[in-house]
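All remarks here apply to the structure that follows.
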Amino acid sequence: MFRNPFIPHDKARIAILDSRADNEIKANLINLGLKLIETCKCEDLYDSISYHPDIVIHPINHEKVIVAPNVYDYYKDTLKFYGIKVVEGEKKLSRNYPENIAYNVARISKYAIHNTKFTDEKLKFYMKKEGIDLINVKQGYTKCSLAIISESAAITSDCSIYKELKKYGIDVLFIKEGFIELPNLNYGFIGGATGMISENELLISGIMNDHPSLHDINDFLKKYKIKPIYLSDKKIIDIGSIITF
């Protein structure tokens, strides 16, 4: 059986988080029993995403991650204390799209979703070893764009991802784009504002009161018996995903 590395087996004990995240978010994660691993800055990326974990890290499985060479030494030294093996990727990231998307790969069921022309080759190798099939889409920031809520269900505002995943029997809720903060950019994405702490609990970086798809999102979460945990009273913000183990 395929196990999504973005969904913990049991209650997560570790969260990798943008170190710039609001103190309220950090405090609430700690109160949930999580040990925080705060990201370092990737100097080669533009500022809005320079601390985002899902840009530089991809969990191959629940015990192993692949990390961009730019920040490999930091995560190798940090994660080894938690029994997580860190593999150095081949592609060194640079500032502009598509040179910054090699590890921002979404996963659901037995599939990895990405613009496969730009996926790191070593990551492809390890996913093939895991029995993961690649689905090619136009979008390069697929992990940012996809909130995974179960092994067979997800939420996105990206039309190309939505249409492609429906072909593979994935239940996808299509929501209105925007209404999620991302400093210095027009808006952020639902995948980058969320992360699973357990199989039935979804961490959300902030409140979504003004999101036009809020009713649909709540209904979709109820359908899969997912409890939303809001980490802040401020507006939902894209923090590059909350990656948990």
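Going by the structure tokens order, chains are called A, B, ..., each with residues numbered from 1, while ligands are numbered from 1 in the order shown.
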
(request) Pick out the residues sitting within 12 Å of range 93-99 of chain A, and hand them over as an MDAnalysis selection string; count only C-alpha atoms, and ignore anything fewer than 2 positions along from it in its own chain. (result) chainID A and resid 42:50 55:57 67:72 89:91 101:104 114:120 138:141

(request) Fewer than 4 positions away in the same chain doesn't count, so skip those; otherwise give me all residues within 9 Å of Ala21 in chain A, counting only C-alpha atoms, as a list of chain:residue names. (result) A:Leu17, A:Ile25, A:Lys26, A:Ser205, A:Ile239

How about saving the chosen residues, C-alpha atoms kept, as a PDB file, in the first residue's frame?
ATOM      1  CA  LEU A  17       8.259  25.325   9.250  1.00  0.00           C
ATOM      2  CA  ILE A  25       1.585  29.777  14.593  1.00  0.00           C
ATOM      3  CA  LYS A  26       4.772  28.530  16.228  1.00  0.00           C
ATOM      4  CA  SER A 205      -1.971  28.664   8.953  1.00  0.00           C
ATOM      5  CA  ILE A 239       4.259  29.540   4.438  1.00  0.00           C
TER       6      ILE A 239
END

(request) Quote the spacing between CA of Lys234 in chain A and CA of Asn28 in chain A in Å to one decimal place. (result)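 About the pair CA of Lys234 in chain A and CA of Asn28 in chain A: they are 13.0 Å apart.
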
(request) Using only C-alpha atoms, determine which residues lie at most 8 Å from range 187-200 of chain A, disregarding the query and same-chain residues fewer than 4 positions distant; provide the list as a ChimeraX atom specification. (result) /A:6-12,54,143-150,155-157,177-183,204-205,224-227,236-244

Please, could you write that set of residues out with C-alpha atoms as a PDB file, in the first residue's frame?
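This went into selection_27.pdb:
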ATOM      1  CA  PHE A   6       2.749  14.302   3.608  1.00  0.00           C
ATOM      2  CA  ILE A   7       0.308  12.372   5.843  1.00  0.00           C
ATOM      3  CA  PRO A   8       1.861  11.058   9.085  1.00  0.00           C
ATOM      4  CA  HIS A   9       1.274   7.416  10.060  1.00  0.00           C
ATOM      5  CA  ASP A  10       0.275   8.489  13.560  1.00  0.00           C
ATOM      6  CA  LYS A  11       0.276  11.840  15.333  1.00  0.00           C
ATOM      7  CA  ALA A  12       3.241  13.811  13.993  1.00  0.00           C
ATOM      8  CA  ASP A  54       8.387  22.763   0.247  1.00  0.00           C
ATOM      9  CA  LYS A 143       3.052  21.105  -3.736  1.00  0.00           C
ATOM     10  CA  CYS A 144       2.220  24.752  -3.067  1.00  0.00           C
ATOM     11  CA  SER A 145      -0.921  24.345  -5.146  1.00  0.00           C
ATOM     12  CA  LEU A 146      -2.299  21.111  -3.679  1.00  0.00           C
ATOM     13  CA  ALA A 147      -3.558  20.561  -0.132  1.00  0.00           C
ATOM     14  CA  ILE A 148      -3.478  16.810   0.423  1.00  0.00           C
ATOM     15  CA  ILE A 149      -6.126  15.714   2.934  1.00  0.00           C
ATOM     16  CA  SER A 150      -6.162  11.947   2.409  1.00  0.00           C
ATOM     17  CA  ILE A 155      -7.914  20.662  -2.638  1.00  0.00           C
ATOM     18  CA  THR A 156      -6.525  22.995  -5.313  1.00  0.00           C
ATOM     19  CA  SER A 157      -7.167  26.268  -7.113  1.00  0.00           C
ATOM     20  CA  GLU A 177      -7.789  31.185  -6.456  1.00  0.00           C
ATOM     21  CA  GLY A 178      -6.407  33.931  -4.253  1.00  0.00           C
ATOM     22  CA  PHE A 179      -7.558  35.046  -0.790  1.00  0.00           C
ATOM     23  CA  ILE A 180      -4.382  33.561   0.735  1.00  0.00           C
ATOM     24  CA  GLU A 181      -1.543  35.871   1.746  1.00  0.00           C
ATOM     25  CA  LEU A 182       1.993  35.578   0.354  1.00  0.00           C
ATOM     26  CA  PRO A 183       4.180  38.613   1.100  1.00  0.00           C
ATOM     27  CA  ILE A 204      -4.195  25.622   8.532  1.00  0.00           C
ATOM     28  CA  SER A 205      -1.971  28.664   8.953  1.00  0.00           C
ATOM     29  CA  TYR A 224     -13.434  12.946   4.805  1.00  0.00           C
ATOM     30  CA  LYS A 225     -13.817  13.401   8.571  1.00  0.00           C
ATOM     31  CA  ILE A 226     -10.904  15.849   8.653  1.00  0.00           C
ATOM     32  CA  LYS A 227     -10.735  18.280  11.563  1.00  0.00           C
ATOM     33  CA  ILE A 236      -4.410  32.402   6.118  1.00  0.00           C
ATOM     34  CA  ILE A 237      -0.892  32.705   4.676  1.00  0.00           C
ATOM     35  CA  ASP A 238       1.230  30.582   2.358  1.00  0.00           C
ATOM     36  CA  ILE A 239       4.259  29.540   4.438  1.00  0.00           C
ATOM     37  CA  GLY A 240       5.577  26.901   2.050  1.00  0.00           C
ATOM     38  CA  SER A 241       3.637  24.009   3.603  1.00  0.00           C
ATOM     39  CA  ILE A 242       3.941  22.552   7.084  1.00  0.00           C
ATOM     40  CA  ILE A 243       5.925  19.355   6.527  1.00  0.00           C
ATOM     41  CA  THR A 244       5.379  16.892   9.367  1.00  0.00           C
TER      42      THR A 244
END

DSSP-assigned strand (DSSP E) members of range 18-205 of chain A, reported as a short mmCIF file (atom, residue, chain, number, x, y, z; two decimals) with C-alpha atoms, in the first residue's frame:
data_model
loop_
_atom_site.label_atom_id
_atom_site.label_comp_id
_atom_site.auth_asym_id
_atom_site.auth_seq_id
_atom_site.Cartn_x
_atom_site.Cartn_y
_atom_site.Cartn_z
CA LYS A 35 9.00 19.88 17.87
CA LEU A 36 9.67 22.71 15.42
CA ILE A 37 12.48 22.59 12.90
CA GLU A 38 12.73 26.10 11.55
CA ILE A 57 12.68 19.66 0.65
CA HIS A 58 10.66 16.72 -0.62
CA PRO A 59 9.87 13.75 1.66
CA LYS A 64 13.84 9.88 4.02
CA VAL A 65 13.89 13.33 2.42
CA ILE A 66 15.67 14.81 -0.56
CA VAL A 67 17.03 18.33 -0.15
CA LYS A 85 17.83 10.28 6.33
CA VAL A 86 18.71 13.26 4.15
CA VAL A 87 19.66 12.76 0.50
CA GLU A 88 21.29 15.57 -1.48
CA ALA A 106 2.88 17.10 -4.85
CA ARG A 107 2.03 13.51 -3.89
CA ILE A 108 -1.27 11.70 -3.67
CA TYR A 111 1.24 9.49 -7.90
CA ALA A 112 3.66 12.40 -7.93
CA ILE A 113 2.31 15.48 -9.68
CA HIS A 114 4.67 17.99 -11.24
CA ASP A 133 4.11 7.11 -11.01
CA LEU A 134 4.67 10.64 -12.32
CA ILE A 135 1.79 12.76 -13.60
CA ASN A 136 2.86 15.69 -15.75
CA LEU A 146 -2.30 21.11 -3.68
CA ALA A 147 -3.56 20.56 -0.13
CA ILE A 148 -3.48 16.81 0.42
CA ILE A 149 -6.13 15.71 2.93
CA SER A 150 -6.16 11.95 2.41
CA ALA A 153 -8.51 13.50 -1.83
CA ALA A 154 -7.06 16.99 -2.21
CA ILE A 155 -7.91 20.66 -2.64
CA THR A 156 -6.53 22.99 -5.31
CA ASP A 171 -11.42 13.37 -5.50
CA VAL A 172 -10.36 17.00 -5.93
CA LEU A 173 -12.13 20.07 -4.65
CA PHE A 174 -11.58 23.01 -7.01
CA THR A 194 -1.54 23.69 5.21
CA GLY A 195 -0.12 20.39 6.42
CA MET A 196 -1.42 17.22 8.08
CA ILE A 197 -0.62 16.52 11.74
CA SER A 198 -2.43 13.17 11.63
CA GLU A 201 -6.36 16.60 11.33
CA LEU A 202 -5.39 19.40 8.94
CA LEU A 203 -3.20 22.28 10.09
CA ILE A 204 -4.20 25.62 8.53
#

(request) Find, counting only C-alpha atoms, the residue in A:Tyr162, A:Tyr230, A:Phe2, A:Tyr168 that gets nearest to Gly131 in chain A. (result)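 Counting only C-alpha atoms, the residue closest to Gly131 in chain A is A:Phe2.
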
(message) When you count only C-alpha atoms, which of these residues is closest to Ile16 in chain A: A:Leu32, A:Thr39, A:Met208, A:Lys223?
(response)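 Of the candidates, the smallest distance to Ile16 in chain A is held by A:Thr39.
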
Please return, as a compact mmCIF listing (two decimals) with C-alpha atoms, in the first residue's frame, all residues of range 59-237 of chain A that DSSP assigns to helix (DSSP H, G or I) on the basis of the backbone.
# COMPACT_ATOMS: atom_id res chain seq x y z
CA PRO A 69 22.14 21.18 -2.62
CA ASN A 70 21.82 24.86 -1.69
CA VAL A 71 20.76 24.01 1.88
CA TYR A 72 21.77 20.35 2.19
CA ASP A 73 24.33 20.81 4.96
CA TYR A 74 21.83 22.59 7.22
CA TYR A 75 19.15 19.91 6.94
CA LYS A 76 21.59 17.00 7.03
CA ASP A 77 22.86 18.21 10.40
CA THR A 78 19.42 19.20 11.71
CA LEU A 79 17.33 16.18 10.71
CA LYS A 80 19.79 13.41 11.59
CA PHE A 81 18.91 13.83 15.27
CA TYR A 82 15.35 12.73 14.45
CA THR A 116 8.17 16.66 -14.91
CA LYS A 117 10.47 18.46 -17.32
CA PHE A 118 11.88 20.27 -14.28
CA GLU A 121 16.45 13.66 -11.61
CA LYS A 122 17.56 12.09 -8.33
CA LEU A 123 14.10 12.67 -6.90
CA LYS A 124 12.63 10.90 -9.94
CA PHE A 125 14.99 7.97 -9.28
CA TYR A 126 13.90 7.62 -5.65
CA MET A 127 10.21 7.96 -6.47
CA LYS A 128 10.54 5.22 -9.07
CA LYS A 129 12.12 3.01 -6.37
CA THR A 142 2.44 21.69 -7.45
CA LYS A 143 3.05 21.10 -3.74
CA CYS A 144 2.22 24.75 -3.07
CA SER A 145 -0.92 24.35 -5.15
CA CYS A 159 -7.24 24.12 -13.07
CA SER A 160 -4.58 21.97 -14.76
CA ILE A 161 -3.95 19.96 -11.58
CA TYR A 162 -7.68 19.58 -10.97
CA LYS A 163 -8.43 18.28 -14.47
CA GLU A 164 -5.48 15.89 -14.54
CA LEU A 165 -6.08 14.32 -11.13
CA LYS A 166 -9.76 13.73 -11.90
CA LYS A 167 -8.61 11.43 -14.71
CA GLY A 191 -1.11 23.66 -0.24
CA GLY A 192 1.48 26.09 1.02
CA ALA A 193 -0.82 27.17 3.86
CA LEU A 214 -14.90 28.39 2.59
CA HIS A 215 -18.28 26.62 2.72
CA ASP A 216 -17.15 24.12 0.07
CA ILE A 217 -13.84 23.56 1.87
CA ASN A 218 -15.60 22.88 5.18
CA ASP A 219 -18.02 20.46 3.53
CA PHE A 220 -15.16 18.67 1.79
CA LEU A 221 -13.24 18.28 5.06
CA LYS A 222 -16.36 16.94 6.79
CA LYS A 223 -16.85 14.45 3.97

(message) For a quick check of understanding, using only C-alpha atoms, which of A:Glu151, A:Glu63, A:Asp22, A:Glu130 has the smallest distance to Lys235 in chain A?
(response)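 Of the candidates, the smallest distance to Lys235 in chain A is held by A:Asp22.
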
(request) Find the residue from A:His52, A:Pro212, A:Val137, A:Gly206 that sits nearest to Pro228 in chain A; use only C-alpha atoms when measuring. (result)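 Counting only C-alpha atoms, the residue closest to Pro228 in chain A is A:Gly206.
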
(request) Quick one: pull the distance between CA of Gly169 in chain A and CA of Phe245 in chain A, Å, one decimal. (result)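 CA of Gly169 in chain A sits 26.8 Å away from CA of Phe245 in chain A.
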
(message) What does the structure give for the distance between CA of Ile30 in chain A and CA of Leu185 in chain A, in Å to one decimal?
(response) 28.6 Å
